[in-house]
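Asker: The structure under discussion is supplied below as structure tokens; questions concerning it will follow.
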Amino acid sequence: MHILLVDDESEMVDPLSRILSREGYTVDVAYDGDRGSQLATQNPYDLLILDWMLPQQSGLEICQQVRSQGNNTPVLFLTAKDTIDDRVQGLDAGADDYLMKPFELRELLARVRALLRRPVSADNPTKQLTVGDLALDTANQLAYRAGREIELSEKEAQLLEYLMRHPNQVLTHEQIQQHLWGEESQPTSNALAAQIRLLRRKIESQGDAPLISTVYGKGYRFGNAQAG
């Protein structure tokens with residue numbers, strides 16, 4: 001799982017990043033809003049941990065930018081703001097959870113685990129993702145396109161969810177493989193290509209616009225573009 005941590009307090013960020021890494025997460029760090037925004041909008045993450053008050057851009061602005069791209073990556077705010085109005089503003093911007101500073105480390109780790117278990121954001125109780133004319137019911141491993149129901153295997157559903165949660169972004173072979181199989185299991189070199197091929201056959205029937213594009217030498221992009 002890949003986490004972005006954005007906070008300008010290096011005395012907190014550096015040890016927290018090391019702890020998250022020891023828990024098995026891959027962690028990118030930014031110390032200001034501009035760098036955080038660049039990483040959050042250009043790279044796929046499984047969780048964003050954002051400080052509200054940041055130099056250059058606020059965590060609130062970063063969250064709004066991510067959501068404006070159709071990106072449903074869970075967002076956890078670290079903040080000293082504790083009024084109801086502040087919380088409402090953050091939730092309206094697309095935040096999934098709050099943690100007040102100062103916080104206990106074990107509570108943060110519990111919040112991280114809880115958010116990473118969610119198949120979609122908390123404001124989608126039906127556990128359904130929608131991109132264009134394709135919808136995915138993550139709870140039942142079913143997709144819907146052009147009025148037809150598409151049954152998916154567990155791996156196909158995991159792959160499609162990952163692609164749909166990062167629309168119009170290039171996901172590398174390594175990122176997708178780590179998400180599907182983790183670091184413990186090493187798939188054969190053509191395992192990912194085979195999964196992509198199977199998924200394409202199901203969601204891109206004759207007459208449907210292609211959704212999965214091959215970015216040669218890098219990986220794949222999900223969105224309304226011509227497939228390679």
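Convention: chains lettered A, B, ... in structure tokens order; per-chain residue numbering from 1; ligands numbered from 1 as shown.
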Near Ala30 in chain A, counting only C-alpha atoms, which residues have an atom at most 8 Å away, once you skip same-chain residues fewer than 4 positions from it, shown as a PyMOL selection string?

Answerer: chain A and resi 4-8+35-36

Asker: Could you pull out the helix (DSSP H, G or I) residues of range 1-185 of chain A, going by DSSP on the backbone, and write them as a ChimeraX atom specification?

Answerer: /A:10-22,33-42,59-68,84-93,105-117,154-164,173-181

Asker: Write out as number ranges by chain which residues come within 12 Å of Asp51 in chain A when counting only C-alpha atoms, dropping same-chain ones fewer than 5 positions away.

Answerer: A: 4-10, 12-13, 29-33, 36, 57-63, 75-81, 90, 95, 98-101

Asker: As a PyMOL selection string, which residues of chain A does DSSP assign to strand (DSSP E)?

Answerer: chain A and resi 2-6+26-30+47-51+75-79+97-100+128-131+134-137+142-145+148-151+170-172+212-215+219-222

Asker: Residues of the last selection are to be written out with C-alpha atoms, as a JSON list (two decimals), in the first residue's frame.

Answerer:
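Everything below was put into selection.json:
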[["chain", "number", "residue", "atom", "x", "y", "z"],
["A", 2, "HIS", "CA", 1.32, 3.44, -1.02],
["A", 3, "ILE", "CA", 0.78, 6.42, 1.30],
["A", 4, "LEU", "CA", 1.46, 10.12, 0.78],
["A", 5, "LEU", "CA", 2.21, 12.05, 3.99],
["A", 6, "VAL", "CA", 2.16, 15.85, 3.74],
["A", 26, "THR", "CA", 5.47, 2.57, 1.03],
["A", 27, "VAL", "CA", 5.58, 6.23, 2.10],
["A", 28, "ASP", "CA", 6.22, 9.41, 0.11],
["A", 29, "VAL", "CA", 6.73, 12.62, 2.09],
["A", 30, "ALA", "CA", 6.17, 16.28, 1.26],
["A", 47, "LEU", "CA", -4.12, 6.89, 1.17],
["A", 48, "LEU", "CA", -3.36, 10.60, 1.58],
["A", 49, "ILE", "CA", -2.46, 11.90, 5.06],
["A", 50, "LEU", "CA", -2.65, 15.69, 4.91],
["A", 51, "ASP", "CA", -1.96, 18.38, 7.47],
["A", 75, "VAL", "CA", -7.95, 11.31, 2.78],
["A", 76, "LEU", "CA", -7.05, 11.56, 6.46],
["A", 77, "PHE", "CA", -6.61, 15.08, 7.84],
["A", 78, "LEU", "CA", -4.18, 15.80, 10.65],
["A", 79, "THR", "CA", -5.31, 19.07, 12.16],
["A", 97, "ASP", "CA", -11.48, 11.10, 8.46],
["A", 98, "TYR", "CA", -9.88, 13.47, 10.98],
["A", 99, "LEU", "CA", -7.24, 13.06, 13.63],
["A", 100, "MET", "CA", -6.66, 15.86, 16.08],
["A", 128, "GLN", "CA", -19.99, 1.38, -5.92],
["A", 129, "LEU", "CA", -17.45, 3.14, -8.11],
["A", 130, "THR", "CA", -18.48, 4.84, -11.34],
["A", 131, "VAL", "CA", -16.27, 6.09, -14.15],
["A", 134, "LEU", "CA", -18.91, 1.76, -16.19],
["A", 135, "ALA", "CA", -19.95, 1.02, -12.61],
["A", 136, "LEU", "CA", -18.31, -1.43, -10.21],
["A", 137, "ASP", "CA", -20.07, -3.01, -7.25],
["A", 142, "LEU", "CA", -20.04, -7.15, -10.37],
["A", 143, "ALA", "CA", -19.58, -4.49, -13.03],
["A", 144, "TYR", "CA", -22.27, -2.83, -15.11],
["A", 145, "ARG", "CA", -21.88, -1.32, -18.57],
["A", 148, "ARG", "CA", -25.43, -5.46, -18.93],
["A", 149, "GLU", "CA", -24.17, -7.16, -15.78],
["A", 150, "ILE", "CA", -20.56, -8.38, -15.83],
["A", 151, "GLU", "CA", -19.37, -11.03, -13.38],
["A", 170, "VAL", "CA", -0.49, 6.07, -15.61],
["A", 171, "LEU", "CA", -0.13, 3.09, -13.26],
["A", 172, "THR", "CA", 3.15, 1.27, -13.68],
["A", 212, "ILE", "CA", -7.88, 0.48, -20.54],
["A", 213, "SER", "CA", -4.99, 1.98, -22.49],
["A", 214, "THR", "CA", -1.55, 0.41, -22.69],
["A", 215, "VAL", "CA", 1.24, 2.91, -22.04],
["A", 219, "GLY", "CA", 2.00, 0.33, -17.61],
["A", 220, "TYR", "CA", -1.68, 1.17, -18.11],
["A", 221, "ARG", "CA", -4.09, 4.09, -17.97],
["A", 222, "PHE", "CA", -7.82, 3.83, -17.24]]

Asker: What's the separation between CA of Asp133 in chain A and CA of Gly147 in chain A, in Å to one decimal place?

Answerer: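 Computing it gives 9.4 Å between the two atoms.
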
Asker: Just the number, please: distance in Å from CA of Asp46 in chain A to CA of Asn71 in chain A, one decimal.

Answerer: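 Interatomic distance, CA of Asp46 in chain A to CA of Asn71 in chain A: 10.6 Å.
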
Asker: How many Å separate CA of Arg113 in chain A from CA of Pro187 in chain A?

Answerer: 25.3 Å

Asker: Can you pull out the residues contacting range 191-206 of chain A? Cut-off 7 Å, using only C-alpha atoms, and skip same-chain residues under 2 positions away; I want them as a ChimeraX atom specification.

Answerer: /A:150,156,177,187-189,208-210

Asker: Take the residues from that selection and put them in a file with all heavy atoms, as a PDB file, in the first residue's frame.

Answerer:
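Listing of result20.pdb after writing:
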ATOM      1  N   ILE A 150     -21.818  -7.697 -15.512  1.00  0.00           N
ATOM      2  CA  ILE A 150     -20.559  -8.381 -15.827  1.00  0.00           C
ATOM      3  C   ILE A 150     -20.030  -9.018 -14.549  1.00  0.00           C
ATOM      4  O   ILE A 150     -19.713  -8.315 -13.586  1.00  0.00           O
ATOM      5  CB  ILE A 150     -19.517  -7.401 -16.384  1.00  0.00           C
ATOM      6  CG1 ILE A 150     -20.079  -6.645 -17.597  1.00  0.00           C
ATOM      7  CG2 ILE A 150     -18.235  -8.136 -16.762  1.00  0.00           C
ATOM      8  CD1 ILE A 150     -19.233  -5.446 -18.015  1.00  0.00           C
ATOM      9  N   GLU A 156      -9.924  -9.903 -10.921  1.00  0.00           N
ATOM     10  CA  GLU A 156     -10.431  -8.928 -11.887  1.00  0.00           C
ATOM     11  C   GLU A 156     -11.088  -7.757 -11.178  1.00  0.00           C
ATOM     12  O   GLU A 156     -10.897  -6.597 -11.566  1.00  0.00           O
ATOM     13  CB  GLU A 156     -11.422  -9.597 -12.838  1.00  0.00           C
ATOM     14  CG  GLU A 156     -10.785 -10.560 -13.825  1.00  0.00           C
ATOM     15  CD  GLU A 156     -11.801 -11.445 -14.526  1.00  0.00           C
ATOM     16  OE1 GLU A 156     -12.979 -11.467 -14.096  1.00  0.00           O
ATOM     17  OE2 GLU A 156     -11.411 -12.115 -15.488  1.00  0.00           O
ATOM     18  N   GLN A 177       1.189  -4.634  -9.881  1.00  0.00           N
ATOM     19  CA  GLN A 177       1.577  -5.954  -9.374  1.00  0.00           C
ATOM     20  C   GLN A 177       1.646  -5.955  -7.860  1.00  0.00           C
ATOM     21  O   GLN A 177       1.190  -6.907  -7.210  1.00  0.00           O
ATOM     22  CB  GLN A 177       2.926  -6.358  -9.977  1.00  0.00           C
ATOM     23  CG  GLN A 177       2.832  -6.765 -11.434  1.00  0.00           C
ATOM     24  CD  GLN A 177       4.200  -6.960 -12.070  1.00  0.00           C
ATOM     25  OE1 GLN A 177       5.213  -6.493 -11.563  1.00  0.00           O
ATOM     26  NE2 GLN A 177       4.232  -7.640 -13.199  1.00  0.00           N
ATOM     27  N   PRO A 187       4.474 -12.821  -9.124  1.00  0.00           N
ATOM     28  CA  PRO A 187       3.801 -13.430 -10.266  1.00  0.00           C
ATOM     29  C   PRO A 187       4.752 -13.610 -11.438  1.00  0.00           C
ATOM     30  O   PRO A 187       5.810 -12.978 -11.503  1.00  0.00           O
ATOM     31  CB  PRO A 187       2.710 -12.405 -10.601  1.00  0.00           C
ATOM     32  CG  PRO A 187       3.300 -11.098 -10.167  1.00  0.00           C
ATOM     33  CD  PRO A 187       4.099 -11.415  -8.926  1.00  0.00           C
ATOM     34  N   THR A 188       4.368 -14.455 -12.380  1.00  0.00           N
ATOM     35  CA  THR A 188       5.170 -14.604 -13.591  1.00  0.00           C
ATOM     36  C   THR A 188       5.105 -13.314 -14.386  1.00  0.00           C
ATOM     37  O   THR A 188       4.228 -12.479 -14.190  1.00  0.00           O
ATOM     38  CB  THR A 188       4.643 -15.770 -14.447  1.00  0.00           C
ATOM     39  OG1 THR A 188       3.268 -15.496 -14.796  1.00  0.00           O
ATOM     40  CG2 THR A 188       4.731 -17.077 -13.684  1.00  0.00           C
ATOM     41  N   SER A 189       6.017 -13.149 -15.305  1.00  0.00           N
ATOM     42  CA  SER A 189       6.159 -11.882 -16.025  1.00  0.00           C
ATOM     43  C   SER A 189       4.921 -11.517 -16.823  1.00  0.00           C
ATOM     44  O   SER A 189       4.638 -10.339 -17.044  1.00  0.00           O
ATOM     45  CB  SER A 189       7.382 -11.951 -16.955  1.00  0.00           C
ATOM     46  OG  SER A 189       7.235 -13.019 -17.879  1.00  0.00           O
ATOM     47  N   ASP A 208     -18.258  -1.032 -27.493  1.00  0.00           N
ATOM     48  CA  ASP A 208     -17.937  -0.210 -26.328  1.00  0.00           C
ATOM     49  C   ASP A 208     -16.667   0.591 -26.584  1.00  0.00           C
ATOM     50  O   ASP A 208     -15.728   0.102 -27.219  1.00  0.00           O
ATOM     51  CB  ASP A 208     -17.721  -1.085 -25.083  1.00  0.00           C
ATOM     52  CG  ASP A 208     -19.010  -1.707 -24.580  1.00  0.00           C
ATOM     53  OD1 ASP A 208     -20.078  -1.156 -24.881  1.00  0.00           O
ATOM     54  OD2 ASP A 208     -18.927  -2.739 -23.887  1.00  0.00           O
ATOM     55  N   ALA A 209     -16.635   1.805 -26.050  1.00  0.00           N
ATOM     56  CA  ALA A 209     -15.402   2.588 -26.106  1.00  0.00           C
ATOM     57  C   ALA A 209     -14.358   1.930 -25.209  1.00  0.00           C
ATOM     58  O   ALA A 209     -14.673   1.498 -24.099  1.00  0.00           O
ATOM     59  CB  ALA A 209     -15.665   4.011 -25.633  1.00  0.00           C
ATOM     60  N   PRO A 210     -13.108   1.810 -25.685  1.00  0.00           N
ATOM     61  CA  PRO A 210     -12.067   1.202 -24.845  1.00  0.00           C
ATOM     62  C   PRO A 210     -11.795   2.060 -23.614  1.00  0.00           C
ATOM     63  O   PRO A 210     -11.840   3.288 -23.675  1.00  0.00           O
ATOM     64  CB  PRO A 210     -10.850   1.149 -25.770  1.00  0.00           C
ATOM     65  CG  PRO A 210     -11.103   2.183 -26.816  1.00  0.00           C
ATOM     66  CD  PRO A 210     -12.584   2.230 -27.004  1.00  0.00           C
TER      67      PRO A 210
END
